[in-house]
There are 2 protein chains.
Amino acid sequence: MLGVIMTDAALSPDETDSMLRHAVNRSFNCISVEGHTSTSDTVFLLANGAAEHEPLYDASRSALQSAVDDVAMEMAQAIIRDAEGADHFVTIDVCGARSRDDAHTIAKAVADGPLVKTAITGNDPNWGRIVSAAGYCGVELKEEDVSLWINDVLIYESGAPTEYDEPALSQSMRDNRDVSIRLQLTHGNESVRFWTSDLTAEYVRLNSEYTT
Amino acid sequence: MLGVIMTDAALSPDETDSMLRHAVNRSFNCISVEGHTSTSDTVFLLANGAAEHEPLYDASRSALQSAVDDVAMEMAQAIIRDAEGADHFVTIDVCGARSRDDAHTIAKAVADGPLVKTAITGNDPNWGRIVSAAGYCGVELKEEDVSLWINDVLIYESGAPTEYDEPALSQSMRDNRDVSIRLQLTHGNESVRFWTSDLTAEYVRLNSEYTT
């Protein structure tokens, strides 16, 4: 993956660096198809200064940051929408964590869990596979600290499965390419939004038949 | 997964505990189907003392340790041989690491990498997917520190692919259920042996159609 973002803004190298890091931490660093990164995965922000403006004030710098964030997000999500063999585009929100690192670790474990991915492929709102992935990722966690929504339906509350219309929720997963998973913890105020794809037989076919 | 090993040896609780940990660290803690552990994964060693022997000397204790190790290994490998939809049983040796933890981290990243698994499914001796999994797992590593064998054929040496008979190696992967991967590092003297399965369309079918 090679990503290039260009602007004619006049930014110092330090401004460019911090603007790109901010954008990448909320976009390219929050996606995963199957967890496999490449030595060539790189994102550039090129600022040639052709606009020849005065040094940026806070307001204009933060408008530019928003624009760079938006472009990075669109590019990162496009990778997931284009993931090999994917049937679903999955948005994972982890909220109420002790730290952003904790939230990221949980989100990535859920995203990369093949049993989570295949459950989504099968349109199965399987709380057990999602909650256990959060449980094995290394973040200290008790069952009762966790509540879970899929497509805004609460299916697991404070450590126990809820009563809900399971066929309707499964049908909504079948009818929509986009699926949302929200894990709410009781630990703190930090959160992360993460994106992933599901795991299909077509993914296996593409990656077992292709030879370098 | 619930594993139970029984002996009529007369062991103290401390002896039993340390004997089981030794066995589990080289068996159940060195297998992975897809990385997903369960809250119920448990191994017991039960020693009822019915043999009523004298306290064990070093030689007899180490004979018993070997027997417990062997049983634990056989049980752990049986899980991998029985993995859902698996076409291949893969033994991964990581040698020459700085620490056993480093070797374990690399072995587990290679084992759990879906692109590594699907390459094996496709009988593709794909050095790039294996070496890059070692590269992204967090252990400090340069390409030139790594050499790689598949089924005892050297395919990547000190950071560069070798010349070898690729069709013959691919055929040996097609003809044999068992595949061996050996990663040799230049960092130290620690090593780990790890076992995993490949990733097939049948794995996806089983885990997307099954609902809890």
# chains A, B, ... in the order shown; residues from 1 in each chain; ligands from 1
$ interface_residues --of "chain B" --to "chain A" --cutoff "8 Å" --atoms "only C-alpha atoms" --output "mmCIF file with all heavy atoms, in the first residue's frame"
data_model
loop_
_atom_site.group_PDB
_atom_site.id
_atom_site.type_symbol
_atom_site.label_atom_id
_atom_site.label_comp_id
_atom_site.auth_asym_id
_atom_site.auth_seq_id
_atom_site.Cartn_x
_atom_site.Cartn_y
_atom_site.Cartn_z
ATOM 1 N N GLU B 34 -6.341 -20.583 14.775
ATOM 2 C CA GLU B 34 -6.444 -19.241 14.184
ATOM 3 C C GLU B 34 -6.237 -18.162 15.232
ATOM 4 O O GLU B 34 -6.525 -17.002 15.003
ATOM 5 C CB GLU B 34 -7.763 -19.070 13.429
ATOM 6 C CG GLU B 34 -8.986 -18.752 14.255
ATOM 7 C CD GLU B 34 -9.465 -19.943 15.072
ATOM 8 O OE1 GLU B 34 -8.902 -20.147 16.181
ATOM 9 O OE2 GLU B 34 -10.384 -20.634 14.619
ATOM 10 N N GLY B 35 -5.735 -18.563 16.410
ATOM 11 C CA GLY B 35 -5.425 -17.574 17.433
ATOM 12 C C GLY B 35 -6.532 -17.331 18.439
ATOM 13 O O GLY B 35 -6.335 -16.636 19.432
ATOM 14 N N HIS B 36 -7.720 -17.889 18.162
ATOM 15 C CA HIS B 36 -8.858 -17.622 19.042
ATOM 16 C C HIS B 36 -8.869 -18.603 20.212
ATOM 17 O O HIS B 36 -9.095 -19.791 20.026
ATOM 18 C CB HIS B 36 -10.158 -17.720 18.249
ATOM 19 C CG HIS B 36 -11.269 -16.895 18.835
ATOM 20 N ND1 HIS B 36 -11.843 -15.823 18.197
ATOM 21 C CD2 HIS B 36 -11.885 -16.980 20.033
ATOM 22 C CE1 HIS B 36 -12.783 -15.289 18.966
ATOM 23 N NE2 HIS B 36 -12.828 -15.980 20.087
ATOM 24 N N THR B 37 -8.619 -18.104 21.423
ATOM 25 C CA THR B 37 -8.696 -18.943 22.615
ATOM 26 C C THR B 37 -10.075 -18.806 23.247
ATOM 27 O O THR B 37 -10.817 -17.874 22.951
ATOM 28 C CB THR B 37 -7.621 -18.526 23.642
ATOM 29 O OG1 THR B 37 -7.788 -17.138 23.910
ATOM 30 C CG2 THR B 37 -6.226 -18.775 23.090
ATOM 31 N N SER B 38 -10.391 -19.762 24.118
ATOM 32 C CA SER B 38 -11.702 -19.782 24.757
ATOM 33 C C SER B 38 -11.534 -19.614 26.254
ATOM 34 O O SER B 38 -10.500 -19.980 26.825
ATOM 35 C CB SER B 38 -12.385 -21.115 24.454
ATOM 36 O OG SER B 38 -13.421 -21.358 25.376
ATOM 37 N N THR B 39 -12.562 -19.068 26.891
ATOM 38 C CA THR B 39 -12.523 -18.936 28.355
ATOM 39 C C THR B 39 -12.447 -20.290 29.040
ATOM 40 O O THR B 39 -12.042 -20.378 30.194
ATOM 41 C CB THR B 39 -13.782 -18.202 28.863
ATOM 42 O OG1 THR B 39 -14.928 -18.765 28.212
ATOM 43 C CG2 THR B 39 -13.708 -16.738 28.558
ATOM 44 N N GLY B 113 -0.937 -15.952 10.702
ATOM 45 C CA GLY B 113 -1.060 -15.067 9.541
ATOM 46 C C GLY B 113 -1.937 -15.703 8.462
ATOM 47 O O GLY B 113 -1.526 -16.690 7.850
ATOM 48 N N PRO B 114 -3.114 -15.146 8.196
ATOM 49 C CA PRO B 114 -3.996 -15.742 7.171
ATOM 50 C C PRO B 114 -3.334 -15.827 5.794
ATOM 51 O O PRO B 114 -3.615 -16.759 5.040
ATOM 52 C CB PRO B 114 -5.211 -14.806 7.159
ATOM 53 C CG PRO B 114 -5.250 -14.236 8.543
ATOM 54 C CD PRO B 114 -3.804 -14.047 8.913
ATOM 55 N N LEU B 115 -2.442 -14.897 5.472
ATOM 56 C CA LEU B 115 -1.777 -14.987 4.166
ATOM 57 C C LEU B 115 -0.752 -16.119 4.146
ATOM 58 O O LEU B 115 -0.529 -16.741 3.102
ATOM 59 C CB LEU B 115 -1.116 -13.659 3.802
ATOM 60 C CG LEU B 115 -2.081 -12.517 3.445
ATOM 61 C CD1 LEU B 115 -1.297 -11.274 3.036
ATOM 62 C CD2 LEU B 115 -3.035 -12.926 2.330
ATOM 63 N N THR B 118 -3.049 -19.374 3.907
ATOM 64 C CA THR B 118 -3.635 -19.619 2.590
ATOM 65 C C THR B 118 -2.557 -19.974 1.562
ATOM 66 O O THR B 118 -2.821 -20.726 0.627
ATOM 67 C CB THR B 118 -4.471 -18.416 2.106
ATOM 68 O OG1 THR B 118 -3.696 -17.212 2.265
ATOM 69 C CG2 THR B 118 -5.764 -18.287 2.886
ATOM 70 N N ALA B 119 -1.333 -19.463 1.736
ATOM 71 C CA ALA B 119 -0.231 -19.876 0.854
ATOM 72 C C ALA B 119 0.008 -21.377 1.014
ATOM 73 O O ALA B 119 0.209 -22.098 0.024
ATOM 74 C CB ALA B 119 1.038 -19.091 1.162
ATOM 75 N N ILE B 120 -0.017 -21.860 2.252
ATOM 76 C CA ILE B 120 0.199 -23.293 2.490
ATOM 77 C C ILE B 120 -0.959 -24.099 1.907
ATOM 78 O O ILE B 120 -0.754 -25.141 1.283
ATOM 79 C CB ILE B 120 0.402 -23.560 3.993
ATOM 80 C CG1 ILE B 120 1.701 -22.875 4.448
ATOM 81 C CG2 ILE B 120 0.449 -25.053 4.284
ATOM 82 C CD1 ILE B 120 1.868 -22.788 5.933
ATOM 83 N N THR B 121 -2.180 -23.600 2.085
ATOM 84 C CA THR B 121 -3.337 -24.245 1.445
ATOM 85 C C THR B 121 -3.106 -24.395 -0.053
ATOM 86 O O THR B 121 -3.436 -25.429 -0.648
ATOM 87 C CB THR B 121 -4.611 -23.402 1.692
ATOM 88 O OG1 THR B 121 -4.792 -23.253 3.097
ATOM 89 C CG2 THR B 121 -5.838 -24.057 1.077
ATOM 90 N N GLY B 122 -2.527 -23.371 -0.667
ATOM 91 C CA GLY B 122 -2.282 -23.390 -2.108
ATOM 92 C C GLY B 122 -0.956 -24.044 -2.482
ATOM 93 O O GLY B 122 -0.532 -23.948 -3.633
ATOM 94 N N ASN B 123 -0.286 -24.688 -1.514
ATOM 95 C CA ASN B 123 0.993 -25.382 -1.764
ATOM 96 C C ASN B 123 2.038 -24.442 -2.370
ATOM 97 O O ASN B 123 2.829 -24.828 -3.230
ATOM 98 C CB ASN B 123 0.780 -26.609 -2.670
ATOM 99 C CG ASN B 123 -0.296 -27.536 -2.132
ATOM 100 O OD1 ASN B 123 -0.165 -28.042 -1.022
ATOM 101 N ND2 ASN B 123 -1.376 -27.723 -2.887
ATOM 102 N N ASP B 124 2.006 -23.209 -1.890
ATOM 103 C CA ASP B 124 2.874 -22.157 -2.416
ATOM 104 C C ASP B 124 3.975 -21.854 -1.396
ATOM 105 O O ASP B 124 3.686 -21.340 -0.317
ATOM 106 C CB ASP B 124 2.009 -20.907 -2.671
ATOM 107 C CG ASP B 124 2.819 -19.707 -3.123
ATOM 108 O OD1 ASP B 124 3.986 -19.875 -3.542
ATOM 109 O OD2 ASP B 124 2.276 -18.582 -3.062
ATOM 110 N N ASN B 126 5.788 -19.586 -0.203
ATOM 111 C CA ASN B 126 5.815 -18.136 -0.359
ATOM 112 C C ASN B 126 6.673 -17.497 0.744
ATOM 113 O O ASN B 126 6.168 -17.179 1.828
ATOM 114 C CB ASN B 126 4.370 -17.635 -0.299
ATOM 115 C CG ASN B 126 4.240 -16.199 -0.746
ATOM 116 O OD1 ASN B 126 5.014 -15.343 -0.320
ATOM 117 N ND2 ASN B 126 3.285 -15.936 -1.611
ATOM 118 N N SER B 132 7.599 -11.609 6.060
ATOM 119 C CA SER B 132 6.964 -10.344 6.459
ATOM 120 C C SER B 132 6.138 -10.521 7.729
ATOM 121 O O SER B 132 6.032 -9.573 8.529
ATOM 122 C CB SER B 132 6.132 -9.752 5.316
ATOM 123 O OG SER B 132 5.070 -10.596 4.953
ATOM 124 N N ALA B 133 5.565 -11.707 7.953
ATOM 125 C CA ALA B 133 4.863 -11.942 9.232
ATOM 126 C C ALA B 133 5.858 -11.872 10.391
ATOM 127 O O ALA B 133 5.577 -11.268 11.438
ATOM 128 C CB ALA B 133 4.134 -13.286 9.222
ATOM 129 N N TYR B 136 6.550 -8.152 11.039
ATOM 130 C CA TYR B 136 5.569 -7.228 11.640
ATOM 131 C C TYR B 136 5.188 -7.596 13.066
ATOM 132 O O TYR B 136 4.382 -6.907 13.683
ATOM 133 C CB TYR B 136 4.325 -7.044 10.758
ATOM 134 C CG TYR B 136 3.368 -8.202 10.582
ATOM 135 C CD1 TYR B 136 2.698 -8.777 11.662
ATOM 136 C CD2 TYR B 136 3.072 -8.677 9.320
ATOM 137 C CE1 TYR B 136 1.797 -9.815 11.477
ATOM 138 C CE2 TYR B 136 2.171 -9.713 9.122
ATOM 139 C CZ TYR B 136 1.535 -10.278 10.214
ATOM 140 O OH TYR B 136 0.632 -11.287 10.041
ATOM 141 N N LEU B 199 -5.524 -22.583 6.233
ATOM 142 C CA LEU B 199 -6.837 -21.914 6.215
ATOM 143 C C LEU B 199 -7.499 -22.202 4.873
ATOM 144 O O LEU B 199 -7.008 -21.764 3.825
ATOM 145 C CB LEU B 199 -6.654 -20.403 6.401
ATOM 146 C CG LEU B 199 -7.889 -19.516 6.249
ATOM 147 C CD1 LEU B 199 -8.990 -19.887 7.223
ATOM 148 C CD2 LEU B 199 -7.509 -18.043 6.438
ATOM 149 N N THR B 200 -8.597 -22.924 4.930
ATOM 150 C CA THR B 200 -9.253 -23.366 3.698
ATOM 151 C C THR B 200 -10.659 -22.784 3.578
ATOM 152 O O THR B 200 -11.223 -22.271 4.557
ATOM 153 C CB THR B 200 -9.388 -24.902 3.701
ATOM 154 O OG1 THR B 200 -10.291 -25.262 4.763
ATOM 155 C CG2 THR B 200 -8.041 -25.585 3.919
ATOM 156 N N ALA B 201 -11.236 -22.901 2.387
ATOM 157 C CA ALA B 201 -12.629 -22.495 2.183
ATOM 158 C C ALA B 201 -13.551 -23.297 3.101
ATOM 159 O O ALA B 201 -14.592 -22.791 3.554
ATOM 160 C CB ALA B 201 -13.021 -22.680 0.713
ATOM 161 N N GLU B 202 -13.170 -24.536 3.399
ATOM 162 C CA GLU B 202 -13.971 -25.375 4.289
ATOM 163 C C GLU B 202 -13.986 -24.815 5.715
ATOM 164 O O GLU B 202 -15.019 -24.865 6.396
ATOM 165 C CB GLU B 202 -13.427 -26.821 4.256
ATOM 166 C CG GLU B 202 -14.159 -27.815 5.137
ATOM 167 C CD GLU B 202 -15.590 -28.109 4.699
ATOM 168 O OE1 GLU B 202 -16.029 -27.586 3.644
ATOM 169 O OE2 GLU B 202 -16.275 -28.853 5.425
ATOM 170 N N VAL B 204 -13.878 -21.667 6.428
ATOM 171 C CA VAL B 204 -14.821 -20.542 6.356
ATOM 172 C C VAL B 204 -16.251 -21.060 6.353
ATOM 173 O O VAL B 204 -17.114 -20.551 7.072
ATOM 174 C CB VAL B 204 -14.551 -19.674 5.109
ATOM 175 C CG1 VAL B 204 -15.624 -18.596 4.963
ATOM 176 C CG2 VAL B 204 -13.161 -19.047 5.190
ATOM 177 N N ARG B 205 -16.495 -22.106 5.565
ATOM 178 C CA ARG B 205 -17.854 -22.655 5.496
ATOM 179 C C ARG B 205 -18.304 -23.129 6.880
ATOM 180 O O ARG B 205 -19.381 -22.765 7.358
ATOM 181 C CB ARG B 205 -17.921 -23.812 4.489
ATOM 182 C CG ARG B 205 -19.346 -24.262 4.166
ATOM 183 C CD ARG B 205 -19.408 -25.535 3.338
ATOM 184 N NE ARG B 205 -18.948 -26.711 4.047
ATOM 185 C CZ ARG B 205 -19.624 -27.352 5.010
ATOM 186 N NH1 ARG B 205 -20.804 -26.926 5.389
ATOM 187 N NH2 ARG B 205 -19.100 -28.409 5.603
ATOM 188 N N ASN B 207 -17.295 -22.321 9.855
ATOM 189 C CA ASN B 207 -17.433 -21.301 10.888
ATOM 190 C C ASN B 207 -18.389 -20.175 10.532
ATOM 191 O O ASN B 207 -18.718 -19.356 11.386
ATOM 192 C CB ASN B 207 -16.060 -20.744 11.271
ATOM 193 C CG ASN B 207 -15.315 -21.717 12.149
ATOM 194 O OD1 ASN B 207 -15.776 -22.042 13.241
ATOM 195 N ND2 ASN B 207 -14.192 -22.230 11.666
ATOM 196 N N SER B 208 -18.830 -20.119 9.275
ATOM 197 C CA SER B 208 -19.842 -19.112 8.948
ATOM 198 C C SER B 208 -21.241 -19.730 8.972
ATOM 199 O O SER B 208 -22.225 -19.018 9.182
ATOM 200 C CB SER B 208 -19.554 -18.458 7.593
ATOM 201 O OG SER B 208 -19.555 -19.403 6.555
ATOM 202 N N GLU B 209 -21.329 -21.059 8.793
ATOM 203 C CA GLU B 209 -22.656 -21.688 8.800
ATOM 204 C C GLU B 209 -23.087 -22.104 10.192
ATOM 205 O O GLU B 209 -24.279 -22.199 10.471
ATOM 206 C CB GLU B 209 -22.668 -22.906 7.857
ATOM 207 C CG GLU B 209 -22.561 -22.470 6.405
ATOM 208 C CD GLU B 209 -22.650 -23.623 5.425
ATOM 209 O OE1 GLU B 209 -22.849 -24.778 5.862
ATOM 210 O OE2 GLU B 209 -22.512 -23.351 4.214
ATOM 211 N N THR B 211 -23.956 -21.675 13.960
ATOM 212 C CA THR B 211 -24.441 -20.582 14.797
ATOM 213 C C THR B 211 -24.614 -21.061 16.230
ATOM 214 O O THR B 211 -25.102 -22.164 16.451
ATOM 215 C CB THR B 211 -25.798 -20.074 14.269
ATOM 216 O OG1 THR B 211 -25.610 -19.559 12.958
ATOM 217 C CG2 THR B 211 -26.357 -18.981 15.151
ATOM 218 N N THR B 212 -24.199 -20.243 17.173
ATOM 219 C CA THR B 212 -24.385 -20.619 18.592
ATOM 220 C C THR B 212 -25.797 -20.280 19.031
ATOM 221 O O THR B 212 -26.379 -19.310 18.585
ATOM 222 C CB THR B 212 -23.406 -19.854 19.503
ATOM 223 O OG1 THR B 212 -23.424 -18.493 19.122
ATOM 224 C CG2 THR B 212 -22.023 -20.437 19.375
#
$ residues_around --residues "Glu144 (chain A)" --least-positions-apart "6" --cutoff "10 Å" --atoms "only C-alpha atoms" --output "list of chain:residue names"
A:Tyr156, A:Glu157, A:Ser158, A:Gly159, A:Ala160, A:Leu185, A:Thr186
$ residues_around --residues "Leu11 (chain A)" --least-positions-apart "2" --cutoff "7 Å" --atoms "only C-alpha atoms" --output "ChimeraX atom specification"
/A:9,13,15-16,47,49
$ write_last_selection --atoms "N, CA, C and O atoms" --output "PDB file, in the first residue's frame"
ATOM      1  N   ALA A   9      -0.502  23.879   0.416  1.00  0.00           N
ATOM      2  CA  ALA A   9      -0.290  24.704   1.615  1.00  0.00           C
ATOM      3  C   ALA A   9       1.208  24.839   1.894  1.00  0.00           C
ATOM      4  O   ALA A   9       2.000  23.972   1.525  1.00  0.00           O
ATOM      5  N   PRO A  13       8.293  21.326   7.725  1.00  0.00           N
ATOM      6  CA  PRO A  13       8.409  19.865   7.871  1.00  0.00           C
ATOM      7  C   PRO A  13       7.772  19.364   9.172  1.00  0.00           C
ATOM      8  O   PRO A  13       7.089  18.343   9.170  1.00  0.00           O
ATOM      9  N   GLU A  15       5.277  20.747  10.929  1.00  0.00           N
ATOM     10  CA  GLU A  15       3.809  20.821  10.802  1.00  0.00           C
ATOM     11  C   GLU A  15       3.285  19.680   9.936  1.00  0.00           C
ATOM     12  O   GLU A  15       2.263  19.052  10.253  1.00  0.00           O
ATOM     13  N   THR A  16       3.984  19.404   8.834  1.00  0.00           N
ATOM     14  CA  THR A  16       3.561  18.341   7.921  1.00  0.00           C
ATOM     15  C   THR A  16       3.583  16.997   8.639  1.00  0.00           C
ATOM     16  O   THR A  16       2.635  16.207   8.554  1.00  0.00           O
ATOM     17  N   ALA A  47       3.616  18.703   0.827  1.00  0.00           N
ATOM     18  CA  ALA A  47       3.130  20.089   0.881  1.00  0.00           C
ATOM     19  C   ALA A  47       4.163  20.961   0.174  1.00  0.00           C
ATOM     20  O   ALA A  47       5.250  21.195   0.705  1.00  0.00           O
ATOM     21  N   GLY A  49       3.949  24.159  -0.857  1.00  0.00           N
ATOM     22  CA  GLY A  49       4.020  25.586  -0.528  1.00  0.00           C
ATOM     23  C   GLY A  49       3.607  26.511  -1.657  1.00  0.00           C
ATOM     24  O   GLY A  49       3.739  27.732  -1.552  1.00  0.00           O
TER      25      GLY A  49
END
$ atom_distance --atom1 "CA of Ala111 (chain B)" --atom2 "CA of Thr196 (chain B)"
5.7 Å
$ atom_distance --atom1 "CA of Met1 (chain A)" --atom2 "CA of Ala76 (chain A)"
10.0 Å
$ residues_around --residues "Ser12 (chain A)" --least-positions-apart "5" --cutoff "12 Å" --atoms "only C-alpha atoms" --output "PyMOL selection string"
chain A and resi 17-19+45-49+54-56+61
$ select_by_dssp --residues "region 73-166 of chain A" --states "strand (DSSP E or B)" --output "list in words"
Phe89, Val90, Thr91, Ile92, Asp93, Val94, Cys95, Gly96, Ala97, Val146, Ser147, Leu148, Trp149, Ile150, Val153, Leu154, Ile155, Tyr156, Glu157, Ala160 and Pro161 of chain A
$ write_last_selection --atoms "N, CA, C and O atoms" --output "PDB file, in the first residue's frame"
ATOM      1  N   PHE A  89     -18.467  -4.709   5.194  1.00  0.00           N
ATOM      2  CA  PHE A  89     -17.588  -3.627   5.663  1.00  0.00           C
ATOM      3  C   PHE A  89     -17.981  -3.378   7.118  1.00  0.00           C
ATOM      4  O   PHE A  89     -19.117  -3.000   7.405  1.00  0.00           O
ATOM      5  N   VAL A  90     -17.055  -3.599   8.043  1.00  0.00           N
ATOM      6  CA  VAL A  90     -17.385  -3.621   9.467  1.00  0.00           C
ATOM      7  C   VAL A  90     -16.747  -2.444  10.196  1.00  0.00           C
ATOM      8  O   VAL A  90     -15.529  -2.251  10.114  1.00  0.00           O
ATOM      9  N   THR A  91     -17.556  -1.665  10.880  1.00  0.00           N
ATOM     10  CA  THR A  91     -17.063  -0.569  11.717  1.00  0.00           C
ATOM     11  C   THR A  91     -17.120  -1.017  13.171  1.00  0.00           C
ATOM     12  O   THR A  91     -18.177  -1.425  13.648  1.00  0.00           O
ATOM     13  N   ILE A  92     -15.984  -0.966  13.854  1.00  0.00           N
ATOM     14  CA  ILE A  92     -15.909  -1.403  15.250  1.00  0.00           C
ATOM     15  C   ILE A  92     -15.627  -0.191  16.127  1.00  0.00           C
ATOM     16  O   ILE A  92     -14.609   0.478  15.957  1.00  0.00           O
ATOM     17  N   ASP A  93     -16.539   0.092  17.050  1.00  0.00           N
ATOM     18  CA  ASP A  93     -16.310   1.153  18.038  1.00  0.00           C
ATOM     19  C   ASP A  93     -16.044   0.513  19.386  1.00  0.00           C
ATOM     20  O   ASP A  93     -16.851  -0.301  19.853  1.00  0.00           O
ATOM     21  N   VAL A  94     -14.923   0.870  19.987  1.00  0.00           N
ATOM     22  CA  VAL A  94     -14.654   0.448  21.360  1.00  0.00           C
ATOM     23  C   VAL A  94     -14.652   1.708  22.208  1.00  0.00           C
ATOM     24  O   VAL A  94     -13.847   2.620  21.963  1.00  0.00           O
ATOM     25  N   CYS A  95     -15.576   1.801  23.164  1.00  0.00           N
ATOM     26  CA  CYS A  95     -15.760   3.008  23.974  1.00  0.00           C
ATOM     27  C   CYS A  95     -15.577   2.668  25.451  1.00  0.00           C
ATOM     28  O   CYS A  95     -15.719   1.512  25.853  1.00  0.00           O
ATOM     29  N   GLY A  96     -15.302   3.702  26.256  1.00  0.00           N
ATOM     30  CA  GLY A  96     -15.230   3.494  27.708  1.00  0.00           C
ATOM     31  C   GLY A  96     -13.982   2.760  28.153  1.00  0.00           C
ATOM     32  O   GLY A  96     -13.986   2.123  29.207  1.00  0.00           O
ATOM     33  N   ALA A  97     -12.903   2.853  27.362  1.00  0.00           N
ATOM     34  CA  ALA A  97     -11.660   2.156  27.719  1.00  0.00           C
ATOM     35  C   ALA A  97     -10.789   3.031  28.622  1.00  0.00           C
ATOM     36  O   ALA A  97     -10.947   4.247  28.676  1.00  0.00           O
ATOM     37  N   VAL A 146     -18.487  -5.350  30.120  1.00  0.00           N
ATOM     38  CA  VAL A 146     -18.689  -5.249  28.671  1.00  0.00           C
ATOM     39  C   VAL A 146     -20.166  -5.282  28.285  1.00  0.00           C
ATOM     40  O   VAL A 146     -20.918  -6.132  28.765  1.00  0.00           O
ATOM     41  N   SER A 147     -20.581  -4.353  27.411  1.00  0.00           N
ATOM     42  CA  SER A 147     -21.862  -4.447  26.708  1.00  0.00           C
ATOM     43  C   SER A 147     -21.579  -4.345  25.224  1.00  0.00           C
ATOM     44  O   SER A 147     -20.586  -3.745  24.813  1.00  0.00           O
ATOM     45  N   LEU A 148     -22.447  -4.958  24.420  1.00  0.00           N
ATOM     46  CA  LEU A 148     -22.168  -5.100  22.987  1.00  0.00           C
ATOM     47  C   LEU A 148     -23.424  -4.847  22.143  1.00  0.00           C
ATOM     48  O   LEU A 148     -24.483  -5.428  22.415  1.00  0.00           O
ATOM     49  N   TRP A 149     -23.281  -3.977  21.158  1.00  0.00           N
ATOM     50  CA  TRP A 149     -24.331  -3.722  20.176  1.00  0.00           C
ATOM     51  C   TRP A 149     -23.865  -4.178  18.787  1.00  0.00           C
ATOM     52  O   TRP A 149     -22.695  -3.967  18.438  1.00  0.00           O
ATOM     53  N   ILE A 150     -24.765  -4.788  18.022  1.00  0.00           N
ATOM     54  CA  ILE A 150     -24.511  -4.976  16.594  1.00  0.00           C
ATOM     55  C   ILE A 150     -25.629  -4.269  15.851  1.00  0.00           C
ATOM     56  O   ILE A 150     -26.817  -4.451  16.178  1.00  0.00           O
ATOM     57  N   VAL A 153     -28.313  -2.777  17.892  1.00  0.00           N
ATOM     58  CA  VAL A 153     -29.151  -3.635  18.741  1.00  0.00           C
ATOM     59  C   VAL A 153     -28.283  -4.161  19.890  1.00  0.00           C
ATOM     60  O   VAL A 153     -27.215  -4.741  19.655  1.00  0.00           O
ATOM     61  N   LEU A 154     -28.743  -3.941  21.118  1.00  0.00           N
ATOM     62  CA  LEU A 154     -28.001  -4.409  22.294  1.00  0.00           C
ATOM     63  C   LEU A 154     -28.190  -5.920  22.428  1.00  0.00           C
ATOM     64  O   LEU A 154     -29.305  -6.398  22.635  1.00  0.00           O
ATOM     65  N   ILE A 155     -27.086  -6.671  22.252  1.00  0.00           N
ATOM     66  CA  ILE A 155     -27.213  -8.133  22.305  1.00  0.00           C
ATOM     67  C   ILE A 155     -26.513  -8.746  23.523  1.00  0.00           C
ATOM     68  O   ILE A 155     -26.684  -9.944  23.821  1.00  0.00           O
ATOM     69  N   TYR A 156     -25.737  -7.928  24.242  1.00  0.00           N
ATOM     70  CA  TYR A 156     -24.975  -8.443  25.405  1.00  0.00           C
ATOM     71  C   TYR A 156     -24.816  -7.264  26.341  1.00  0.00           C
ATOM     72  O   TYR A 156     -24.309  -6.208  25.952  1.00  0.00           O
ATOM     73  N   GLU A 157     -25.297  -7.418  27.578  1.00  0.00           N
ATOM     74  CA  GLU A 157     -25.305  -6.269  28.493  1.00  0.00           C
ATOM     75  C   GLU A 157     -24.643  -6.628  29.813  1.00  0.00           C
ATOM     76  O   GLU A 157     -25.099  -7.552  30.504  1.00  0.00           O
ATOM     77  N   ALA A 160     -23.877 -10.410  30.192  1.00  0.00           N
ATOM     78  CA  ALA A 160     -24.865 -11.462  29.904  1.00  0.00           C
ATOM     79  C   ALA A 160     -25.604 -11.147  28.602  1.00  0.00           C
ATOM     80  O   ALA A 160     -25.877  -9.981  28.294  1.00  0.00           O
ATOM     81  N   PRO A 161     -25.948 -12.163  27.829  1.00  0.00           N
ATOM     82  CA  PRO A 161     -26.710 -11.946  26.591  1.00  0.00           C
ATOM     83  C   PRO A 161     -28.107 -11.426  26.896  1.00  0.00           C
ATOM     84  O   PRO A 161     -28.686 -11.759  27.924  1.00  0.00           O
TER      85      PRO A 161
END
$ residues_around --residues "Asp70 (chain B)" --least-positions-apart "3" --cutoff "12 Å" --atoms "only C-alpha atoms" --output "list of chain:residue names"
B:Ile5, B:Met19, B:Leu20, B:His22, B:Ala23, B:Val24, B:Arg26, B:Ser27, B:Phe28, B:Ala63, B:Leu64, B:Gln65, B:Ser66, B:Ala67, B:Met73, B:Glu74, B:Met75, B:Ala76, B:Gln77
$ write_last_selection --atoms "C-alpha atoms" --output "PDB file, in the first residue's frame"
ATOM      1  CA  ILE B   5      -3.836 -36.006  32.217  1.00  0.00           C
ATOM      2  CA  MET B  19       5.432 -30.575  35.914  1.00  0.00           C
ATOM      3  CA  LEU B  20       2.217 -29.455  34.187  1.00  0.00           C
ATOM      4  CA  HIS B  22       6.682 -27.456  31.865  1.00  0.00           C
ATOM      5  CA  ALA B  23       4.573 -29.741  29.659  1.00  0.00           C
ATOM      6  CA  VAL B  24       1.985 -27.095  28.702  1.00  0.00           C
ATOM      7  CA  ARG B  26       5.972 -26.813  25.109  1.00  0.00           C
ATOM      8  CA  SER B  27       2.633 -28.172  23.850  1.00  0.00           C
ATOM      9  CA  PHE B  28      -0.729 -26.450  24.441  1.00  0.00           C
ATOM     10  CA  ALA B  63      11.280 -39.793  33.447  1.00  0.00           C
ATOM     11  CA  LEU B  64       7.794 -38.864  34.658  1.00  0.00           C
ATOM     12  CA  GLN B  65       8.222 -35.325  33.312  1.00  0.00           C
ATOM     13  CA  SER B  66       9.094 -36.795  29.909  1.00  0.00           C
ATOM     14  CA  ALA B  67       5.993 -38.978  29.981  1.00  0.00           C
ATOM     15  CA  MET B  73       2.296 -32.983  23.128  1.00  0.00           C
ATOM     16  CA  GLU B  74       0.196 -35.764  21.635  1.00  0.00           C
ATOM     17  CA  MET B  75      -3.031 -34.149  22.888  1.00  0.00           C
ATOM     18  CA  ALA B  76      -2.044 -30.662  21.680  1.00  0.00           C
ATOM     19  CA  GLN B  77      -1.015 -31.895  18.235  1.00  0.00           C
TER      20      GLN B  77
END
